[in-house]
$ cat input-v6.cif   # mmCIF, C-alpha atoms
data_target
loop_
_atom_site.label_atom_id
_atom_site.label_comp_id
_atom_site.auth_asym_id
_atom_site.auth_seq_id
_atom_site.Cartn_x
_atom_site.Cartn_y
_atom_site.Cartn_z
CA MET C 1 18.43 -10.69 8.76
CA ASP C 2 18.79 -8.12 11.52
CA LEU C 3 16.49 -5.09 11.41
CA ILE C 4 18.14 -1.92 12.63
CA GLY C 5 17.16 1.73 13.00
CA LYS C 6 18.86 4.94 11.94
CA CYS C 7 19.49 8.17 13.82
CA PRO C 8 22.03 10.92 14.46
CA PRO C 9 24.55 10.47 17.30
CA LYS C 10 22.53 12.39 19.89
CA PRO C 11 21.53 11.08 23.33
CA ASP C 12 17.79 11.60 22.86
CA SER C 13 17.84 10.13 19.34
CA LEU C 14 19.71 7.03 20.46
CA THR C 15 17.37 6.54 23.41
CA ALA C 16 14.35 6.97 21.13
CA ALA C 17 15.70 4.33 18.74
CA ASP C 18 16.08 1.92 21.65
CA ASP C 19 12.52 2.70 22.77
CA ARG C 20 11.24 1.89 19.27
CA GLY C 21 12.57 -1.62 19.65
CA PHE C 22 15.91 -1.46 17.83
CA ASP C 23 18.86 -3.24 19.38
CA ALA C 24 21.22 -1.57 16.91
CA VAL C 25 21.31 1.51 14.70
CA GLU C 26 23.11 3.10 11.80
CA LEU C 27 24.42 6.55 12.65
CA TYR C 28 23.81 9.42 10.27
CA LEU C 29 26.70 11.89 10.52
CA THR C 30 27.05 15.54 9.55
CA ARG C 31 30.05 17.85 9.48
CA ASP C 32 29.06 19.21 12.90
CA HIS C 33 29.20 15.75 14.45
CA ILE C 34 32.70 15.17 13.09
CA ASP C 35 33.83 18.64 14.15
CA ASN C 36 32.86 17.67 17.71
CA TYR C 37 34.35 14.20 17.47
CA GLU C 38 35.27 13.52 21.10
CA GLU C 39 31.89 14.67 22.37
CA MET C 40 30.16 12.48 19.78
CA LEU C 41 32.29 9.47 20.70
CA ALA C 42 31.41 9.86 24.37
CA VAL C 43 27.70 9.93 23.51
CA ILE C 44 28.01 6.81 21.37
CA ARG C 45 29.83 4.88 24.08
CA GLU C 46 26.92 5.56 26.45
CA ALA C 47 24.22 4.70 23.91
CA PRO C 48 21.67 2.02 24.86
CA ALA C 49 21.67 0.62 21.31
CA ASN C 50 24.64 -0.96 19.54
CA ILE C 51 26.18 0.93 16.62
CA ALA C 52 26.04 -1.39 13.61
CA SER C 53 27.00 1.01 10.84
CA ILE C 54 28.05 4.61 10.32
CA HIS C 55 27.02 6.72 7.33
CA THR C 56 29.55 9.30 6.16
CA PRO C 57 28.47 12.95 6.05
CA HIS C 58 27.20 14.35 2.77
CA VAL C 59 30.45 16.09 1.89
CA THR C 60 32.36 16.55 -1.34
CA PRO C 61 34.97 14.00 -2.42
CA GLU C 62 37.70 16.58 -1.74
CA GLU C 63 36.79 16.78 1.97
CA HIS C 64 38.97 13.84 2.94
CA PHE C 65 39.03 14.83 6.61
CA TYR C 66 35.36 13.94 7.10
CA PHE C 67 35.69 10.56 5.42
CA ALA C 68 38.81 9.78 7.43
CA LYS C 69 37.22 10.74 10.75
CA SER C 70 34.10 8.70 9.90
CA ASP C 71 36.41 5.76 9.26
CA ASN C 72 38.15 6.36 12.60
CA LEU C 73 34.79 6.32 14.38
CA ALA C 74 33.64 3.14 12.64
CA LYS C 75 36.90 1.45 13.59
CA ALA C 76 36.63 2.64 17.20
CA VAL C 77 33.15 1.17 17.70
CA ASP C 78 33.57 -1.85 15.39
CA ALA C 79 30.90 -0.68 12.93
CA THR C 80 30.59 -0.90 9.15
CA LEU C 81 31.40 2.35 7.34
CA VAL C 82 28.82 3.33 4.73
CA VAL C 83 30.71 5.41 2.16
CA HIS C 84 28.09 7.62 0.58
CA SER C 85 27.40 11.27 -0.15
CA GLN C 86 25.08 13.10 -2.49
CA TYR C 87 28.27 14.58 -3.99
CA LEU C 88 30.06 11.25 -4.29
CA HIS C 89 29.68 9.11 -7.40
CA HIS C 90 31.08 5.73 -8.29
CA THR C 91 33.59 7.47 -10.55
CA HIS C 92 35.20 8.73 -7.31
CA ILE C 93 35.91 5.23 -5.99
CA GLU C 94 39.58 5.36 -7.00
CA GLU C 95 40.00 8.51 -4.93
CA MET C 96 38.19 6.96 -1.98
CA GLU C 97 40.24 3.76 -2.21
CA ALA C 98 43.41 5.83 -1.92
CA MET C 99 42.27 6.80 1.58
CA ASP C 100 42.88 3.20 2.69
CA PHE C 101 39.98 2.87 5.14
CA ASP C 102 40.69 0.85 8.29
CA ALA C 103 37.12 -0.13 9.21
CA GLN C 104 35.01 -2.61 7.32
CA TYR C 105 33.39 -0.47 4.64
CA GLY C 106 31.26 -0.54 1.54
CA TYR C 107 30.08 1.86 -1.14
CA GLU C 108 26.38 2.66 -1.22
CA ASN C 109 24.78 2.52 -4.65
CA ILE C 110 23.69 5.94 -5.86
CA PRO C 111 20.15 6.43 -7.25
CA GLY C 112 19.96 5.28 -10.86
CA ALA C 113 23.02 3.00 -10.84
CA SER C 114 22.10 -0.23 -12.62
CA GLN C 115 22.96 -3.75 -11.53
CA PHE C 116 25.45 -3.94 -14.42
CA HIS C 117 27.16 -0.77 -13.21
CA LEU C 118 27.28 -1.89 -9.57
CA GLU C 119 28.81 -5.22 -10.52
CA ASN C 120 31.52 -3.64 -12.64
CA ALA C 121 32.24 -0.53 -10.57
CA ILE C 122 32.15 -2.17 -7.14
CA LEU C 123 31.49 -5.88 -6.68
CA GLU C 124 33.66 -7.40 -9.41
CA ARG C 125 36.53 -5.25 -8.16
CA GLY C 126 36.40 -7.05 -4.83
CA LEU C 127 34.76 -4.16 -2.98
CA ASP C 128 31.71 -4.34 -0.73
CA LEU C 129 28.36 -2.83 -1.66
CA ILE C 130 25.92 -1.14 0.71
CA LEU C 131 22.74 -1.97 -1.16
CA ASP C 132 20.05 0.70 -1.03
CA THR C 133 16.91 -0.99 -2.32
CA ALA C 134 15.17 2.27 -3.22
CA HIS C 135 18.16 3.47 -5.23
CA LEU C 136 18.10 0.16 -7.09
CA TYR C 137 14.36 0.52 -7.69
CA ILE C 138 14.97 3.90 -9.32
CA ALA C 139 17.56 2.29 -11.62
CA GLU C 140 15.99 -1.00 -12.68
CA ARG C 141 12.80 -1.66 -14.60
CA GLU C 142 12.97 -5.28 -13.35
CA TYR C 143 13.83 -4.23 -9.82
CA GLN C 144 12.84 -7.43 -8.03
CA ARG C 145 14.87 -9.61 -10.38
CA ALA C 146 17.90 -7.34 -9.96
CA LEU C 147 17.57 -7.34 -6.17
CA GLU C 148 17.22 -11.10 -5.99
CA ASP C 149 20.16 -11.65 -8.32
CA LEU C 150 22.48 -9.29 -6.43
CA LEU C 151 21.66 -10.84 -3.08
CA ASP C 152 21.94 -14.38 -4.42
CA ARG C 153 25.29 -13.85 -6.14
CA TYR C 154 26.97 -11.32 -3.87
CA GLY C 155 25.33 -11.70 -0.45
CA PRO C 156 28.60 -12.02 1.51
CA ASP C 157 29.85 -8.81 -0.14
CA ILE C 158 26.79 -6.81 0.97
CA PRO C 159 27.27 -6.07 4.68
CA VAL C 160 24.32 -3.67 4.97
CA VAL C 161 21.03 -3.15 3.11
CA HIS C 162 18.95 0.04 3.26
CA LEU C 163 15.18 -0.41 3.06
CA ASN C 164 12.57 2.27 2.46
CA ASP C 165 9.79 3.08 0.04
CA SER C 166 10.29 5.04 -3.17
CA THR C 167 8.84 6.34 -6.39
CA ILE C 168 10.97 6.37 -9.52
CA VAL C 169 12.15 9.88 -8.63
CA LYS C 170 12.02 10.14 -4.81
CA ASP C 171 13.37 7.73 -2.22
CA GLY C 172 13.43 7.66 1.58
CA LEU C 173 9.65 7.55 1.84
CA PRO C 174 7.73 5.96 4.73
CA PHE C 175 6.49 2.46 4.07
CA GLY C 176 3.37 2.58 1.92
CA GLU C 177 3.92 6.06 0.50
CA GLY C 178 5.86 4.98 -2.59
CA ASN C 179 5.51 2.43 -5.36
CA ILE C 180 7.81 -0.37 -4.22
CA ASP C 181 6.18 -3.71 -3.50
CA LEU C 182 7.54 -3.86 0.03
CA GLU C 183 5.99 -7.23 0.83
CA LYS C 184 7.83 -8.80 -2.11
CA THR C 185 11.02 -6.88 -1.29
CA VAL C 186 11.04 -8.02 2.34
CA THR C 187 10.31 -11.58 1.22
CA ILE C 188 13.30 -11.50 -1.15
CA LEU C 189 15.50 -10.20 1.66
CA ASP C 190 14.25 -12.92 3.98
CA ASN C 191 14.98 -15.60 1.40
CA TYR C 192 18.40 -14.41 0.27
CA TYR C 193 19.97 -12.22 2.94
CA THR C 194 21.20 -12.75 6.50
CA GLY C 195 22.89 -9.40 7.19
CA ARG C 196 21.76 -6.07 8.60
CA VAL C 197 18.80 -4.21 7.11
CA VAL C 198 18.48 -0.53 8.01
CA LEU C 199 14.89 0.76 8.01
CA GLU C 200 15.97 4.00 6.41
CA VAL C 201 12.98 6.25 6.96
CA MET C 202 12.72 9.36 9.11
CA PRO C 203 12.80 8.55 12.85
CA GLU C 204 9.10 9.22 13.41
CA TYR C 205 8.24 6.52 10.84
CA GLN C 206 10.71 3.85 11.97
CA ALA C 207 8.47 2.17 14.54
CA ASP C 208 5.78 1.73 11.88
CA ALA C 209 8.35 0.44 9.39
CA LEU C 210 9.52 -2.10 11.95
CA ARG C 211 5.94 -3.17 12.66
CA GLN C 212 5.15 -3.61 8.95
CA THR C 213 8.36 -5.51 8.25
CA LEU C 214 7.82 -7.90 11.15
CA ALA C 215 4.24 -8.48 10.00
CA ILE C 216 5.52 -9.51 6.56
CA LEU C 217 8.08 -11.82 8.11
CA ASP C 218 5.54 -13.43 10.46
#
$ encode --input "input-v6.cif" --output "structure tokens"
Amino acid sequence: MDLIGKCPPKPDSLTAADDRGFDAVELYLTRDHIDNYEEMLAVIREAPANIASIHTPHVTPEEHFYFAKSDNLAKAVDATLVVHSQYLHHTHIEEMEAMDFDAQYGYENIPGASQFHLENAILERGLDLILDTAHLYIAEREYQRALEDLLDRYGPDIPVVHLNDSTIVKDGLPFGEGNIDLEKTVTILDNYYTGRVVLEVMPEYQADALRQTLAILD
């Protein structure tokens, strides 16, 4: 698996990600970034790190413009589009599918969505899943079994995995500040997954997350 960082499309943020040891990053977009699309694209083209994936802004399902422009950007830089918003639920997939994305894309699992739901709402419909491990942890009592089973059965349909620590109510935590058994989680990923794994913690914690993950893999 390839370990990648995450940052906004800003020159200093992209340089910092490269300095932390990441060859590639997932971009976190906001409305402001999309509203200044050409400026953002110029910054990305000069970035020292490769752009592996692009996370849509947290906008409402009705704001099609921001999803479409995120798709345009992902297509332009040959990145995977992560379709996700705090306002977007899996019941909105039909509406999103009508947008006919051009880039490779997948739907990120929302917190609390079970394996059964993800299989029926996304994977068994022939769509790709962006698998957020913390969101799955919040959903599944037998989290490790669910993670292993999803990766084993649907690995080729999971282009990106998000990795961070979590409690049962709060995700996005630095490694070691939640309740996930990260050593076991990383081991499962190493055994079953060959794609990109985003260390999805705040930028100041990403170097430590990379260090801890590499130590587990060693």
$ residues_around --input "input-v6.cif" --residues "C:His64" --least-positions-apart "6" --cutoff "10 Å" --atoms "only C-alpha atoms" --output "number ranges by chain"
C: 70, 95-96, 99
$ closest_residue --input "input-v6.cif" --among "C:Leu189, C:Leu150, C:Leu214, C:Met202" --to "C:Glu124" --atoms "only C-alpha atoms"
C:Leu150
$ closest_residue --input "input-v6.cif" --among "C:Val160, C:Gln115, C:Arg153, C:Pro8" --to "C:Val82" --atoms "all atoms listed in the file"
C:Val160
$ closest_residue --input "input-v6.cif" --among "C:Ala215, C:Leu131, C:Met40, C:Leu3" --to "C:Ala52" --atoms "only C-alpha atoms"
C:Leu3
$ atom_distance --input "input-v6.cif" --atom1 "atom CA of C:Arg125" --atom2 "atom CA of C:Val161"
19.3 Å
$ resolve_selection --input "input-v6.cif" --expression "the PyMOL selection byres ((chain C and resi 97) around 12)" --output "short mmCIF file (atom, residue, chain, number, x, y, z; two decimals) with C-alpha atoms, in the coordinates of the input"
data_model
loop_
_atom_site.label_atom_id
_atom_site.label_comp_id
_atom_site.auth_asym_id
_atom_site.auth_seq_id
_atom_site.Cartn_x
_atom_site.Cartn_y
_atom_site.Cartn_z
CA PRO C 61 34.97 14.00 -2.42
CA HIS C 64 38.97 13.84 2.94
CA PHE C 67 35.69 10.56 5.42
CA ALA C 68 38.81 9.78 7.43
CA VAL C 83 30.71 5.41 2.16
CA HIS C 90 31.08 5.73 -8.29
CA THR C 91 33.59 7.47 -10.55
CA HIS C 92 35.20 8.73 -7.31
CA ILE C 93 35.91 5.23 -5.99
CA GLU C 94 39.58 5.36 -7.00
CA GLU C 95 40.00 8.51 -4.93
CA MET C 96 38.19 6.96 -1.98
CA ALA C 98 43.41 5.83 -1.92
CA MET C 99 42.27 6.80 1.58
CA ASP C 100 42.88 3.20 2.69
CA PHE C 101 39.98 2.87 5.14
CA ASP C 102 40.69 0.85 8.29
CA TYR C 105 33.39 -0.47 4.64
CA GLY C 106 31.26 -0.54 1.54
CA TYR C 107 30.08 1.86 -1.14
CA ILE C 122 32.15 -2.17 -7.14
CA ARG C 125 36.53 -5.25 -8.16
CA GLY C 126 36.40 -7.05 -4.83
CA LEU C 127 34.76 -4.16 -2.98
CA ASP C 128 31.71 -4.34 -0.73
#
$ resolve_selection --input "input-v6.cif" --expression "the PyMOL selection byres ((chain C and resi 137) around 9)" --output "ChimeraX atom specification"
/C:111-112,132-136,138-144,146-147,166-168,180
$ write_last_selection --input "input-v6.cif" --atoms "C-alpha atoms" --output "PDB file, in the coordinates of the input"
ATOM      1  CA  PRO C 111      20.150   6.430  -7.250  1.00  0.00           C
ATOM      2  CA  GLY C 112      19.960   5.280 -10.860  1.00  0.00           C
ATOM      3  CA  ASP C 132      20.050   0.700  -1.030  1.00  0.00           C
ATOM      4  CA  THR C 133      16.910  -0.990  -2.320  1.00  0.00           C
ATOM      5  CA  ALA C 134      15.170   2.270  -3.220  1.00  0.00           C
ATOM      6  CA  HIS C 135      18.160   3.470  -5.230  1.00  0.00           C
ATOM      7  CA  LEU C 136      18.100   0.160  -7.090  1.00  0.00           C
ATOM      8  CA  ILE C 138      14.970   3.900  -9.320  1.00  0.00           C
ATOM      9  CA  ALA C 139      17.560   2.290 -11.620  1.00  0.00           C
ATOM     10  CA  GLU C 140      15.990  -1.000 -12.680  1.00  0.00           C
ATOM     11  CA  ARG C 141      12.800  -1.660 -14.600  1.00  0.00           C
ATOM     12  CA  GLU C 142      12.970  -5.280 -13.350  1.00  0.00           C
ATOM     13  CA  TYR C 143      13.830  -4.230  -9.820  1.00  0.00           C
ATOM     14  CA  GLN C 144      12.840  -7.430  -8.030  1.00  0.00           C
ATOM     15  CA  ALA C 146      17.900  -7.340  -9.960  1.00  0.00           C
ATOM     16  CA  LEU C 147      17.570  -7.340  -6.170  1.00  0.00           C
ATOM     17  CA  SER C 166      10.290   5.040  -3.170  1.00  0.00           C
ATOM     18  CA  THR C 167       8.840   6.340  -6.390  1.00  0.00           C
ATOM     19  CA  ILE C 168      10.970   6.370  -9.520  1.00  0.00           C
ATOM     20  CA  ILE C 180       7.810  -0.370  -4.220  1.00  0.00           C
TER      21      ILE C 180
END
$ residues_near_point --input "input-v6.cif" --point "(24.7, 18.5, 14.5)" --cutoff "12 Å" --atoms "only C-alpha atoms" --output "number ranges by chain"
C: 7-11, 13, 28-37, 39-40, 57
$ resolve_selection --input "input-v6.cif" --expression "the PyMOL selection byres ((chain C and resi 196) around 12)" --output "JSON, numbers by chain"
{"C": [1, 2, 3, 4, 5, 6, 22, 23, 24, 25, 26, 51, 52, 53, 79, 80, 130, 131, 132, 155, 156, 158, 159, 160, 161, 162, 163, 189, 190, 193, 194, 195, 197, 198, 199, 200]}
$ atom_distance --input "input-v6.cif" --atom1 "atom CA of C:Asp78" --atom2 "atom CA of C:Arg45"
11.6 Å
$ atom_distance --input "input-v6.cif" --atom1 "atom CA of C:Asp19" --atom2 "atom CA of C:Ala207"
9.2 Å
$ decode --input "input-v6.cif" --residues "stretch 61-144 of chain C" --atoms "C-alpha atoms" --output "mmCIF file, in the first residue's frame"
data_model
loop_
_atom_site.group_PDB
_atom_site.id
_atom_site.type_symbol
_atom_site.label_atom_id
_atom_site.label_comp_id
_atom_site.auth_asym_id
_atom_site.auth_seq_id
_atom_site.Cartn_x
_atom_site.Cartn_y
_atom_site.Cartn_z
ATOM 1 C CA PRO C 61 -26.134 17.852 -2.501
ATOM 2 C CA GLU C 62 -27.892 20.687 -4.357
ATOM 3 C CA GLU C 63 -24.604 22.544 -4.949
ATOM 4 C CA HIS C 64 -23.788 20.626 -8.118
ATOM 5 C CA PHE C 65 -21.294 23.240 -9.303
ATOM 6 C CA TYR C 66 -18.790 22.356 -6.573
ATOM 7 C CA PHE C 67 -19.007 18.629 -7.229
ATOM 8 C CA ALA C 68 -18.648 19.193 -10.968
ATOM 9 C CA LYS C 69 -15.610 21.455 -10.589
ATOM 10 C CA SER C 70 -14.000 18.977 -8.171
ATOM 11 C CA ASP C 71 -14.524 16.318 -10.822
ATOM 12 C CA ASN C 72 -12.955 18.583 -13.450
ATOM 13 C CA LEU C 73 -9.910 19.083 -11.242
ATOM 14 C CA ALA C 74 -9.528 15.366 -10.531
ATOM 15 C CA LYS C 75 -9.726 14.642 -14.248
ATOM 16 C CA ALA C 76 -7.197 17.370 -15.057
ATOM 17 C CA VAL C 77 -4.552 15.997 -12.675
ATOM 18 C CA ASP C 78 -5.442 12.294 -13.057
ATOM 19 C CA ALA C 79 -6.525 11.904 -9.419
ATOM 20 C CA THR C 80 -9.282 9.895 -7.743
ATOM 21 C CA LEU C 81 -12.318 11.951 -6.755
ATOM 22 C CA VAL C 82 -13.499 11.335 -3.193
ATOM 23 C CA VAL C 83 -17.221 12.116 -3.200
ATOM 24 C CA HIS C 84 -18.027 13.049 0.367
ATOM 25 C CA SER C 85 -19.635 15.838 2.363
ATOM 26 C CA GLN C 86 -21.042 16.116 5.848
ATOM 27 C CA TYR C 87 -24.331 17.000 4.114
ATOM 28 C CA LEU C 88 -24.193 14.102 1.661
ATOM 29 C CA HIS C 89 -25.657 10.714 2.557
ATOM 30 C CA HIS C 90 -25.766 7.467 0.657
ATOM 31 C CA THR C 91 -29.424 8.157 -0.110
ATOM 32 C CA HIS C 92 -28.122 10.946 -2.394
ATOM 33 C CA ILE C 93 -26.110 8.569 -4.591
ATOM 34 C CA GLU C 94 -28.743 8.544 -7.345
ATOM 35 C CA GLU C 95 -28.500 12.327 -7.559
ATOM 36 C CA MET C 96 -24.711 12.201 -7.605
ATOM 37 C CA GLU C 97 -24.680 9.486 -10.275
ATOM 38 C CA ALA C 98 -26.774 11.726 -12.512
ATOM 39 C CA MET C 99 -23.825 14.131 -12.595
ATOM 40 C CA ASP C 100 -21.886 11.561 -14.651
ATOM 41 C CA PHE C 101 -18.418 12.160 -13.189
ATOM 42 C CA ASP C 102 -15.525 11.952 -15.652
ATOM 43 C CA ALA C 103 -12.695 11.201 -13.207
ATOM 44 C CA GLN C 104 -12.222 7.937 -11.387
ATOM 45 C CA TYR C 105 -14.358 8.389 -8.286
ATOM 46 C CA GLY C 106 -15.740 6.664 -5.241
ATOM 47 C CA TYR C 107 -18.185 7.374 -2.440
ATOM 48 C CA GLU C 108 -16.750 7.696 1.051
ATOM 49 C CA ASN C 109 -18.625 5.802 3.733
ATOM 50 C CA ILE C 110 -20.332 8.117 6.194
ATOM 51 C CA PRO C 111 -19.893 7.556 9.963
ATOM 52 C CA GLY C 112 -22.218 4.822 11.188
ATOM 53 C CA ALA C 113 -22.840 3.123 7.830
ATOM 54 C CA SER C 114 -22.574 -0.635 8.343
ATOM 55 C CA GLN C 115 -20.819 -3.123 6.100
ATOM 56 C CA PHE C 116 -24.233 -4.422 5.002
ATOM 57 C CA HIS C 117 -25.300 -0.922 4.008
ATOM 58 C CA LEU C 118 -22.062 -0.165 2.143
ATOM 59 C CA GLU C 119 -22.303 -3.389 0.175
ATOM 60 C CA ASN C 120 -25.896 -2.756 -0.870
ATOM 61 C CA ALA C 121 -25.780 1.020 -1.364
ATOM 62 C CA ILE C 122 -22.410 1.199 -3.125
ATOM 63 C CA LEU C 123 -20.334 -1.890 -3.855
ATOM 64 C CA GLU C 124 -22.972 -4.313 -5.131
ATOM 65 C CA ARG C 125 -24.195 -1.575 -7.467
ATOM 66 C CA GLY C 126 -20.821 -1.580 -9.204
ATOM 67 C CA LEU C 127 -19.652 1.676 -7.620
ATOM 68 C CA ASP C 128 -16.328 2.299 -5.897
ATOM 69 C CA LEU C 129 -15.997 2.863 -2.164
ATOM 70 C CA ILE C 130 -13.580 5.240 -0.464
ATOM 71 C CA LEU C 131 -13.195 3.331 2.784
ATOM 72 C CA ASP C 132 -12.789 5.480 5.874
ATOM 73 C CA THR C 133 -11.645 3.096 8.601
ATOM 74 C CA ALA C 134 -12.735 5.366 11.457
ATOM 75 C CA HIS C 135 -16.228 5.736 10.001
ATOM 76 C CA LEU C 136 -16.423 1.951 9.774
ATOM 77 C CA TYR C 137 -15.212 1.641 13.372
ATOM 78 C CA ILE C 138 -18.063 3.879 14.504
ATOM 79 C CA ALA C 139 -20.527 1.619 12.666
ATOM 80 C CA GLU C 140 -19.370 -1.907 13.442
ATOM 81 C CA ARG C 141 -19.083 -3.699 16.766
ATOM 82 C CA GLU C 142 -16.822 -6.260 15.023
ATOM 83 C CA TYR C 143 -14.849 -3.585 13.217
ATOM 84 C CA GLN C 144 -11.746 -5.625 12.409
#
